[in-house]
>>> print(open('run-v6.tsv').read())   # TSV, C-alpha atoms
chain	number	residue	atom	x	y	z
A	1	MET	CA	153.13	122.97	117.15
A	2	LEU	CA	151.34	125.77	119.01
A	3	ARG	CA	147.69	124.87	119.61
A	4	ILE	CA	145.05	127.57	119.08
A	5	ASP	CA	142.54	127.95	121.89
A	6	PRO	CA	139.08	128.04	120.26
A	7	LEU	CA	137.54	129.56	123.41
A	8	ARG	CA	140.04	132.38	123.76
A	9	ASN	CA	137.34	135.07	123.57
A	10	PRO	CA	134.20	133.33	124.86
A	11	GLU	CA	131.68	136.18	125.18
A	12	PRO	CA	130.74	136.72	121.50
A	13	LEU	CA	130.74	132.96	121.02
A	14	ILE	CA	128.29	132.51	123.92
A	15	ARG	CA	125.97	135.16	122.43
A	16	ARG	CA	125.97	133.64	118.97
A	17	VAL	CA	125.57	130.05	120.13
A	18	TYR	CA	122.68	131.16	122.32
A	19	GLY	CA	121.15	133.11	119.41
A	20	TYR	CA	121.28	129.99	117.25
A	21	VAL	CA	119.86	127.69	119.94
A	22	ALA	CA	117.09	130.13	120.87
A	23	TYR	CA	115.97	130.49	117.24
A	24	ARG	CA	115.93	126.69	116.98
A	25	ILE	CA	114.13	125.69	120.19
A	26	GLY	CA	112.84	128.97	121.62
A	27	ASP	CA	114.24	131.51	124.06
A	28	GLY	CA	114.42	130.33	127.70
A	29	PRO	CA	115.85	127.77	130.12
A	30	ASP	CA	116.07	124.97	127.54
A	31	ALA	CA	118.16	127.18	125.28
A	32	GLU	CA	120.37	128.10	128.26
A	33	ASP	CA	120.85	124.41	129.10
A	34	ILE	CA	121.84	123.52	125.54
A	35	THR	CA	124.24	126.49	125.38
A	36	SER	CA	125.86	125.46	128.68
A	37	GLU	CA	126.18	121.85	127.54
A	38	THR	CA	127.72	123.03	124.26
A	39	PHE	CA	130.47	124.87	126.12
A	40	GLU	CA	131.00	121.97	128.53
A	41	ARG	CA	131.57	119.65	125.57
A	42	ALA	CA	133.76	122.22	123.86
A	43	LEU	CA	135.96	122.38	126.95
A	44	ARG	CA	136.08	118.59	127.18
A	45	TYR	CA	136.97	118.08	123.52
A	46	LYS	CA	139.00	121.24	122.97
A	47	LYS	CA	141.88	119.17	121.61
A	48	SER	CA	139.72	117.92	118.76
A	49	PHE	CA	139.28	121.45	117.37
A	50	ASP	CA	141.09	121.80	114.07
A	51	PRO	CA	141.46	125.42	112.87
A	52	GLN	CA	142.01	124.20	109.32
A	53	LYS	CA	138.48	122.75	109.23
A	54	GLY	CA	136.75	125.97	110.23
A	55	GLU	CA	136.34	128.74	112.75
A	56	PRO	CA	135.63	128.15	116.46
A	57	LEU	CA	132.05	129.43	116.03
A	58	ALA	CA	131.26	126.88	113.31
A	59	TRP	CA	132.74	124.14	115.51
A	60	LEU	CA	130.58	125.22	118.48
A	61	ILE	CA	127.46	125.45	116.32
A	62	GLY	CA	128.15	121.90	115.13
A	63	ILE	CA	128.20	120.74	118.77
A	64	ALA	CA	124.99	122.67	119.53
A	65	ARG	CA	123.23	121.18	116.47
A	66	ARG	CA	124.10	117.65	117.53
A	67	LEU	CA	122.86	118.37	121.06
A	68	ILE	CA	119.56	119.74	119.76
A	69	GLU	CA	119.07	116.79	117.44
A	70	GLY	CA	119.96	114.31	120.19
A	71	ARG	CA	117.74	115.73	122.90
A	72	PRO	CA	114.49	113.96	123.78
A	73	VAL	CA	111.56	115.27	121.76
A	74	THR	CA	109.30	117.34	123.97
A	75	LEU	CA	106.11	119.13	123.25
A	76	GLU	CA	107.13	122.54	122.01
A	77	LEU	CA	104.63	125.23	122.69
A	78	ALA	CA	104.31	127.90	120.08
A	79	ILE	CA	105.13	131.32	121.43
A	80	GLU	CA	101.99	133.35	121.96
A	81	VAL	CA	102.02	136.88	120.68
A	82	PRO	CA	100.01	139.21	122.92
A	83	ASP	CA	96.95	140.88	121.48
A	84	ARG	CA	97.66	144.01	119.56
A	85	ALA	CA	95.26	145.87	121.86
A	86	ASP	CA	97.78	145.36	124.69
A	87	ALA	CA	100.65	146.66	122.60
A	88	GLY	CA	100.64	149.94	124.44
A	89	ASP	CA	101.66	148.17	127.64
A	90	LEU	CA	104.70	146.55	126.11
A	91	GLN	CA	107.86	147.92	124.65
A	92	ASP	CA	107.84	147.80	120.85
A	93	ASP	CA	111.09	145.88	120.85
A	94	THR	CA	109.73	143.14	123.06
A	95	LEU	CA	106.56	142.80	121.00
A	96	ARG	CA	108.52	142.69	117.80
A	97	ARG	CA	110.91	140.09	119.18
A	98	LEU	CA	108.01	137.93	120.32
A	99	ALA	CA	106.30	138.20	116.94
A	100	LEU	CA	109.48	137.17	115.14
A	101	SER	CA	110.20	134.30	117.54
A	102	SER	CA	106.65	133.09	117.14
A	103	ALA	CA	106.89	133.22	113.34
A	104	VAL	CA	110.23	131.37	113.40
A	105	SER	CA	108.79	128.71	115.72
A	106	HIS	CA	106.04	128.01	113.15
A	107	LEU	CA	108.53	127.25	110.37
A	108	GLU	CA	109.53	123.76	109.26
A	109	PRO	CA	112.58	122.41	111.18
A	110	ARG	CA	114.87	122.74	108.16
A	111	ASP	CA	113.86	126.36	107.51
A	112	ARG	CA	114.21	127.12	111.21
A	113	ASP	CA	117.70	125.61	111.20
A	114	LEU	CA	118.73	127.73	108.23
A	115	ILE	CA	117.32	130.92	109.76
A	116	ALA	CA	119.01	130.11	113.08
A	117	LEU	CA	122.36	129.45	111.43
A	118	ARG	CA	122.22	132.63	109.32
A	119	TYR	CA	120.64	135.13	111.70
A	120	GLY	CA	121.08	133.53	115.14
A	121	ALA	CA	124.69	132.36	114.82
A	122	ASP	CA	125.53	134.90	112.10
A	123	LEU	CA	127.27	132.32	109.94
A	124	THR	CA	127.91	133.11	106.29
A	125	ALA	CA	126.23	131.11	103.52
A	126	ARG	CA	129.57	129.44	102.88
A	127	GLN	CA	129.99	128.40	106.53
A	128	ILE	CA	126.42	127.07	106.55
A	129	ALA	CA	127.15	125.12	103.38
A	130	GLU	CA	130.18	123.53	105.04
A	131	GLU	CA	128.13	122.67	108.12
A	132	LEU	CA	125.28	121.13	106.10
A	133	ASN	CA	127.45	119.58	103.37
A	134	LEU	CA	125.72	121.65	100.69
A	135	ARG	CA	126.81	124.04	97.97
A	136	THR	CA	126.89	127.71	98.85
A	137	ASN	CA	124.35	128.69	96.18
A	138	ALA	CA	122.01	125.91	97.34
A	139	VAL	CA	122.14	127.42	100.83
A	140	GLU	CA	121.43	130.90	99.46
A	141	VAL	CA	118.38	129.65	97.54
A	142	ALA	CA	117.11	127.67	100.55
A	143	LEU	CA	117.56	130.74	102.75
A	144	HIS	CA	115.69	132.92	100.30
A	145	ARG	CA	112.77	130.48	100.33
A	146	ALA	CA	112.85	130.18	104.12
A	147	LEU	CA	112.68	133.97	104.40
A	148	GLY	CA	109.71	133.98	102.03
A	149	ARG	CA	107.88	131.45	104.15
A	150	LEU	CA	108.75	133.40	107.29
A	151	ARG	CA	107.34	136.56	105.74
A	152	ALA	CA	104.17	134.69	104.83
A	153	THR	CA	103.86	133.43	108.42
A	154	ILE	CA	104.31	136.94	109.77
A	155	GLY	CA	101.67	138.12	107.29
A	156	GLU	CA	99.23	135.50	108.58
A	157	GLN	CA	99.85	136.56	112.17
A	158	GLY	CA	99.63	140.23	111.33
A	159	ASP	CA	102.58	142.53	110.83
A	160	PRO	CA	104.67	143.12	113.90
A	161	PRO	CA	104.50	146.72	115.07
A	162	VAL	CA	106.80	149.07	113.23
A	163	ARG	CA	109.83	150.12	115.21
A	164	LYS	CA	109.64	153.76	116.22
A	165	GLU	CA	112.37	156.18	115.22
A	166	GLY	CA	114.93	156.47	117.97
A	167	THR	CA	114.26	153.04	119.43
A	168	ALA	CA	116.34	151.46	116.70
A	169	ARG	CA	119.59	149.96	117.91
B	1	MET	CA	110.78	142.96	97.24
B	2	ARG	CA	114.51	143.30	97.80
B	3	ASP	CA	113.87	146.02	100.43
B	4	LYS	CA	111.31	143.85	102.20
B	5	ARG	CA	113.75	140.99	102.32
B	6	THR	CA	116.52	143.21	103.65
B	7	ASN	CA	114.17	144.61	106.32
B	8	LEU	CA	113.25	141.14	107.50
B	9	GLU	CA	116.90	140.12	107.60
B	10	THR	CA	117.76	143.23	109.60
B	11	GLU	CA	114.89	142.52	111.99
B	12	LEU	CA	115.99	138.94	112.45
B	13	ARG	CA	119.50	140.06	113.32
B	14	ALA	CA	118.42	142.95	115.52
B	15	ASN	CA	115.91	140.84	117.45
B	16	ARG	CA	118.20	137.86	117.89
B	17	PRO	CA	117.49	136.32	121.33
B	18	GLU	CA	120.17	137.34	123.81
B	19	PRO	CA	121.45	135.19	126.68
B	20	SER	CA	120.97	136.44	130.22
B	21	ARG	CA	123.91	138.26	131.76
B	22	GLU	CA	124.10	135.54	134.40
B	23	LEU	CA	124.53	132.82	131.77
B	24	VAL	CA	127.27	134.78	130.01
B	25	HIS	CA	129.15	135.33	133.31
B	26	ARG	CA	128.75	131.71	134.35
B	27	LEU	CA	130.02	130.33	131.05
B	28	GLU	CA	132.87	132.82	130.86
B	29	GLY	CA	133.93	131.75	134.36
B	30	ARG	CA	133.70	128.10	133.41
B	31	VAL	CA	135.87	128.63	130.33
B	32	ARG	CA	138.44	130.58	132.36
B	33	GLU	CA	138.48	127.84	135.01
B	34	GLY	CA	139.04	125.16	132.36
B	35	ARG	CA	141.92	127.18	130.95
B	36	ARG	CA	143.51	127.55	134.41
B	37	SER	CA	143.38	123.83	135.18
B	38	ARG	CA	144.94	123.18	131.80
B	39	ALA	CA	147.76	125.60	132.66
B	40	GLY	CA	148.21	123.79	136.01
B	41	SER	CA	148.57	120.40	134.34
B	42	PHE	CA	151.00	121.95	131.87
B	43	ARG	CA	153.14	123.18	134.78
B	44	VAL	CA	153.18	119.71	136.39
B	45	ALA	CA	154.12	118.12	133.06
B	46	PHE	CA	156.87	120.73	132.60
B	47	ALA	CA	158.30	120.02	136.08
B	48	GLY	CA	158.23	116.26	135.40
B	49	ALA	CA	159.93	116.69	132.05
B	50	LEU	CA	162.59	118.90	133.65
B	51	ALA	CA	163.28	116.30	136.36
B	52	VAL	CA	163.58	113.52	133.79
B	53	GLY	CA	165.92	115.72	131.74
B	54	VAL	CA	168.19	116.41	134.72
B	55	LEU	CA	168.31	112.70	135.61
B	56	ALA	CA	169.12	111.79	132.01
B	57	ALA	CA	171.90	114.38	131.91
B	58	LEU	CA	173.35	113.06	135.17
B	59	ALA	CA	173.13	109.46	133.96
B	60	SER	CA	174.93	110.34	130.75
B	61	VAL	CA	178.03	111.55	132.67
B	62	GLY	CA	177.90	108.76	135.27
B	63	GLY	CA	176.44	110.96	137.97
B	64	LEU	CA	173.89	108.38	139.05
B	65	GLY	CA	176.54	105.67	139.46
B	66	TYR	CA	178.70	108.07	141.46
B	67	ALA	CA	175.80	108.93	143.76
B	68	ALA	CA	174.95	105.24	144.26
B	69	THR	CA	178.58	104.37	145.11
B	70	ALA	CA	178.79	107.25	147.58
B	71	THR	CA	175.62	106.09	149.33
B	72	ASP	CA	176.88	102.50	149.48
B	73	SER	CA	180.21	103.51	150.99
B	74	ALA	CA	178.46	105.68	153.59
B	75	VAL	CA	176.26	102.74	154.61
B	76	ASP	CA	179.29	100.42	154.83
B	77	LYS	CA	181.18	102.92	157.02
B	78	ALA	CA	178.23	103.14	159.39
B	79	LYS	CA	177.90	99.35	159.57
B	80	GLN	CA	181.63	98.95	160.31
B	81	ALA	CA	181.51	101.51	163.08
B	82	VAL	CA	178.58	99.76	164.76
B	83	ARG	CA	180.15	96.30	164.38
B	84	SER	CA	183.63	97.18	165.72
B	85	HIS	CA	182.69	99.41	168.66
B	86	GLY	CA	179.18	98.26	169.38
B	87	VAL	CA	176.47	100.59	170.53
B	88	LEU	CA	177.59	102.55	173.58
B	89	VAL	CA	175.03	102.53	176.36
B	90	VAL	CA	175.68	105.21	178.95
B	91	HIS	CA	174.56	104.04	182.38
B	92	LYS	CA	175.41	107.21	184.26
B	93	SER	CA	174.28	110.36	182.63
B	94	PRO	CA	172.59	113.61	183.69
B	95	SER	CA	169.34	112.42	182.10
B	96	ARG	CA	169.43	109.20	184.10
B	97	ASP	CA	170.02	111.27	187.25
B	98	GLN	CA	167.01	113.38	186.46
B	99	TYR	CA	164.58	110.77	185.23
B	100	GLY	CA	166.09	107.62	186.73
B	101	ASN	CA	165.50	104.10	185.52
B	102	PRO	CA	162.10	103.97	183.80
B	103	LYS	CA	161.37	100.45	185.17
B	104	ALA	CA	162.26	101.44	188.74
B	105	LYS	CA	160.05	104.52	188.39
B	106	LYS	CA	157.08	102.38	187.40
B	107	ALA	CA	157.55	100.22	190.50
B	108	THR	CA	157.66	103.29	192.76
B	109	LYS	CA	154.49	104.61	191.24
B	110	ALA	CA	152.68	101.34	191.89
B	111	LYS	CA	153.86	101.40	195.53
B	112	LYS	CA	152.66	104.96	195.96
B	113	LYS	CA	149.28	104.04	194.52
B	114	ALA	CA	148.90	101.19	196.97
B	115	LYS	CA	149.81	103.46	199.87
B	116	GLY	CA	147.30	106.02	198.72
B	117	ARG	CA	144.55	103.44	198.74
B	118	ARG	CA	145.19	102.51	202.37
B	119	PHE	CA	145.55	106.07	203.69
B	120	ALA	CA	143.27	108.30	201.83
B	121	ARG	CA	143.87	112.02	201.64
B	122	PRO	CA	144.14	113.50	205.18
B	123	PRO	CA	140.92	115.10	206.34
B	124	PHE	CA	140.49	118.77	205.76
B	125	THR	CA	141.02	120.56	209.01
B	126	GLY	CA	140.39	124.08	207.91
>>> encode(input="run-v6.tsv", output="structure tokens")
Amino acid sequence: MLRIDPLRNPEPLIRRVYGYVAYRIGDGPDAEDITSETFERALRYKKSFDPQKGEPLAWLIGIARRLIEGRPVTLELAIEVPDRADAGDLQDDTLRRLALSSAVSHLEPRDRDLIALRYGADLTARQIAEELNLRTNAVEVALHRALGRLRATIGEQGDPPVRKEGTAR
Amino acid sequence: MRDKRTNLETELRANRPEPSRELVHRLEGRVREGRRSRAGSFRVAFAGALAVGVLAALASVGGLGYAATATDSAVDKAKQAVRSHGVLVVHKSPSRDQYGNPKAKKATKAKKKAKGRRFARPPFTG
């Protein structure tokens, strides 16, 4: 039987795994370490990948989740959003990204996991349900609530600056 | 409400943290390297399997037995030749003329050394 290589096109996978890890534990060297370790393990256990069980991305995210849950608990510092008075010095995109990351870092771990799976790794509700052993509609409801709480957190911190026309990607 | 939700979702996707270019390059290289070593081990396994296949094919038509018999007969022939004629030692040969008897040469060298010790190098006269 011809074996499918799950890491055939690694670049988009690296980006999405990193997106997931960074939404979970914060952007930076720790997220880079977890992403690297995820790919090391994926290379080591490539033979265990079963395409019938899911896509390569879901398999990699499963590895990353286990790594995050198994890492020693460290003091996580909440991301500080710069004062709005300094906003003129920073690019809107950067400020907005920081505000969002900060809001995500204040969520409960379960909500953060859901947000990271949906918007960091770009998994569908169905893929998330498979990963978490839940029903798809349960995931959708949980996501909806997590988004509500995230919006409330952003509201408490103050709305992030509105993206200017033309800076949108 | 729906619009607000969609905006937040769009923002979350658009502002997804991105890995550094260095990390992407490093991991891509690592994945490529892993793939190459896998291809290398596949080649070795293929060569091994091919060798085993050839040996099995030869064995099936008695090729291995034939080769073993041929080797045995060659060894026997060589043994017979050595036993019946003995090993020929040539006492007079051009190489002997040139290099002489190695034992005799050693003795001459020792003599020369002794002579040298008694009469050191002649003085330099200019």
>>> atom_distance(input="run-v6.tsv", atom1="CA of Pro12 (chain A)", atom2="CA of His106 (chain A)")
27.5 Å
>>> atom_distance(input="run-v6.tsv", atom1="CA of Val17 (chain A)", atom2="CA of His144 (chain A)")
22.3 Å
>>> atom_distance(input="run-v6.tsv", atom1="CA of Ala14 (chain B)", atom2="CA of Glu130 (chain A)")
25.0 Å
>>> closest_atom_pairs(input="run-v6.tsv", of="chain B", to="chain A", cutoff="8 Å", atoms="all atoms listed in the file", output="tab-separated table")
residue	atom	partner	partner_atom	distance
B:Arg5	CA	A:Leu147	CA	7.4
B:Leu8	CA	A:Arg151	CA	7.7
B:Glu9	CA	A:Tyr119	CA	7.5
B:Leu12	CA	A:Tyr119	CA	6.1
B:Arg13	CA	A:Tyr119	CA	5.3
B:Ala14	CA	A:Arg169	CA	7.5
B:Asn15	CA	A:Arg97	CA	5.3
B:Arg16	CA	A:Gly19	CA	5.8
B:Pro17	CA	A:Gly19	CA	5.2
B:Glu18	CA	A:Gly19	CA	6.2
B:Pro19	CA	A:Tyr18	CA	6.1
B:Leu23	CA	A:Glu32	CA	7.2
B:Val24	CA	A:Ile14	CA	6.6
B:Leu27	CA	A:Ser36	CA	6.8
B:Glu28	CA	A:Pro10	CA	6.2
B:Val31	CA	A:Leu43	CA	7.1
B:Gly34	CA	A:Leu43	CA	6.8
>>> write_last_selection(input="run-v6.tsv", atoms="C-alpha atoms", output="tab-separated table (two decimals), in the frame of the given file")
chain	number	residue	atom	x	y	z
B	5	ARG	CA	113.75	140.99	102.32
B	8	LEU	CA	113.25	141.14	107.50
B	9	GLU	CA	116.90	140.12	107.60
B	12	LEU	CA	115.99	138.94	112.45
B	13	ARG	CA	119.50	140.06	113.32
B	14	ALA	CA	118.42	142.95	115.52
B	15	ASN	CA	115.91	140.84	117.45
B	16	ARG	CA	118.20	137.86	117.89
B	17	PRO	CA	117.49	136.32	121.33
B	18	GLU	CA	120.17	137.34	123.81
B	19	PRO	CA	121.45	135.19	126.68
B	23	LEU	CA	124.53	132.82	131.77
B	24	VAL	CA	127.27	134.78	130.01
B	27	LEU	CA	130.02	130.33	131.05
B	28	GLU	CA	132.87	132.82	130.86
B	31	VAL	CA	135.87	128.63	130.33
B	34	GLY	CA	139.04	125.16	132.36
>>> axis_aligned_box(input="run-v6.tsv", around="region 88-93 of chain B", padding_each_side="5 Å", output="JSON")
{"center_x": 175.9, "center_y": 106.4, "center_z": 178.9, "size_x": 13.3, "size_y": 17.8, "size_z": 20.7}
>>> decode(input="run-v6.tsv", residues="region 55-77 of chain B", atoms="N, CA and C atoms", output="PDB file, in the first residue's frame")
ATOM      1  N   LEU B  55      20.094 -13.995  -5.154  1.00  0.00           N
ATOM      2  CA  LEU B  55      20.614 -15.211  -4.513  1.00  0.00           C
ATOM      3  C   LEU B  55      19.567 -16.325  -4.511  1.00  0.00           C
ATOM      4  N   ALA B  56      18.314 -15.931  -4.219  1.00  0.00           N
ATOM      5  CA  ALA B  56      17.234 -16.927  -4.198  1.00  0.00           C
ATOM      6  C   ALA B  56      17.030 -17.518  -5.588  1.00  0.00           C
ATOM      7  N   ALA B  57      17.099 -16.669  -6.609  1.00  0.00           N
ATOM      8  CA  ALA B  57      16.919 -17.142  -7.985  1.00  0.00           C
ATOM      9  C   ALA B  57      18.043 -18.105  -8.355  1.00  0.00           C
ATOM     10  N   LEU B  58      19.268 -17.736  -7.969  1.00  0.00           N
ATOM     11  CA  LEU B  58      20.414 -18.606  -8.268  1.00  0.00           C
ATOM     12  C   LEU B  58      20.277 -19.946  -7.545  1.00  0.00           C
ATOM     13  N   ALA B  59      19.880 -19.887  -6.279  1.00  0.00           N
ATOM     14  CA  ALA B  59      19.741 -21.102  -5.477  1.00  0.00           C
ATOM     15  C   ALA B  59      18.693 -22.031  -6.085  1.00  0.00           C
ATOM     16  N   SER B  60      17.637 -21.427  -6.614  1.00  0.00           N
ATOM     17  CA  SER B  60      16.546 -22.245  -7.155  1.00  0.00           C
ATOM     18  C   SER B  60      16.989 -23.060  -8.376  1.00  0.00           C
ATOM     19  N   VAL B  61      17.990 -22.581  -9.125  1.00  0.00           N
ATOM     20  CA  VAL B  61      18.444 -23.343 -10.307  1.00  0.00           C
ATOM     21  C   VAL B  61      19.790 -24.022 -10.033  1.00  0.00           C
ATOM     22  N   GLY B  62      20.170 -24.091  -8.776  1.00  0.00           N
ATOM     23  CA  GLY B  62      21.407 -24.799  -8.404  1.00  0.00           C
ATOM     24  C   GLY B  62      22.657 -23.992  -8.644  1.00  0.00           C
ATOM     25  N   GLY B  63      22.520 -22.709  -8.829  1.00  0.00           N
ATOM     26  CA  GLY B  63      23.671 -21.847  -9.118  1.00  0.00           C
ATOM     27  C   GLY B  63      24.641 -21.771  -7.955  1.00  0.00           C
ATOM     28  N   LEU B  64      24.102 -21.777  -6.747  1.00  0.00           N
ATOM     29  CA  LEU B  64      24.970 -21.649  -5.568  1.00  0.00           C
ATOM     30  C   LEU B  64      25.829 -22.905  -5.410  1.00  0.00           C
ATOM     31  N   GLY B  65      25.186 -24.073  -5.613  1.00  0.00           N
ATOM     32  CA  GLY B  65      25.921 -25.341  -5.523  1.00  0.00           C
ATOM     33  C   GLY B  65      27.029 -25.402  -6.563  1.00  0.00           C
ATOM     34  N   TYR B  66      26.710 -24.952  -7.764  1.00  0.00           N
ATOM     35  CA  TYR B  66      27.671 -24.941  -8.871  1.00  0.00           C
ATOM     36  C   TYR B  66      28.873 -24.062  -8.519  1.00  0.00           C
ATOM     37  N   ALA B  67      28.569 -22.887  -7.963  1.00  0.00           N
ATOM     38  CA  ALA B  67      29.644 -21.960  -7.598  1.00  0.00           C
ATOM     39  C   ALA B  67      30.506 -22.554  -6.500  1.00  0.00           C
ATOM     40  N   ALA B  68      29.875 -23.221  -5.520  1.00  0.00           N
ATOM     41  CA  ALA B  68      30.631 -23.819  -4.415  1.00  0.00           C
ATOM     42  C   ALA B  68      31.529 -24.941  -4.931  1.00  0.00           C
ATOM     43  N   THR B  69      31.014 -25.774  -5.828  1.00  0.00           N
ATOM     44  CA  THR B  69      31.806 -26.880  -6.390  1.00  0.00           C
ATOM     45  C   THR B  69      33.007 -26.338  -7.160  1.00  0.00           C
ATOM     46  N   ALA B  70      32.765 -25.297  -7.951  1.00  0.00           N
ATOM     47  CA  ALA B  70      33.843 -24.698  -8.742  1.00  0.00           C
ATOM     48  C   ALA B  70      34.938 -24.165  -7.830  1.00  0.00           C
ATOM     49  N   THR B  71      34.568 -23.521  -6.753  1.00  0.00           N
ATOM     50  CA  THR B  71      35.552 -22.981  -5.810  1.00  0.00           C
ATOM     51  C   THR B  71      36.357 -24.115  -5.177  1.00  0.00           C
ATOM     52  N   ASP B  72      35.624 -25.173  -4.774  1.00  0.00           N
ATOM     53  CA  ASP B  72      36.301 -26.323  -4.147  1.00  0.00           C
ATOM     54  C   ASP B  72      37.327 -26.939  -5.087  1.00  0.00           C
ATOM     55  N   SER B  73      36.927 -27.144  -6.336  1.00  0.00           N
ATOM     56  CA  SER B  73      37.841 -27.788  -7.298  1.00  0.00           C
ATOM     57  C   SER B  73      39.062 -26.902  -7.549  1.00  0.00           C
ATOM     58  N   ALA B  74      38.860 -25.593  -7.577  1.00  0.00           N
ATOM     59  CA  ALA B  74      39.989 -24.676  -7.782  1.00  0.00           C
ATOM     60  C   ALA B  74      40.967 -24.774  -6.618  1.00  0.00           C
ATOM     61  N   VAL B  75      40.442 -24.865  -5.415  1.00  0.00           N
ATOM     62  CA  VAL B  75      41.299 -24.975  -4.215  1.00  0.00           C
ATOM     63  C   VAL B  75      42.067 -26.299  -4.260  1.00  0.00           C
ATOM     64  N   ASP B  76      41.375 -27.375  -4.627  1.00  0.00           N
ATOM     65  CA  ASP B  76      42.027 -28.698  -4.702  1.00  0.00           C
ATOM     66  C   ASP B  76      43.177 -28.686  -5.694  1.00  0.00           C
ATOM     67  N   LYS B  77      42.906 -28.076  -6.878  1.00  0.00           N
ATOM     68  CA  LYS B  77      43.934 -28.011  -7.939  1.00  0.00           C
ATOM     69  C   LYS B  77      45.174 -27.291  -7.409  1.00  0.00           C
TER      70      LYS B  77
END
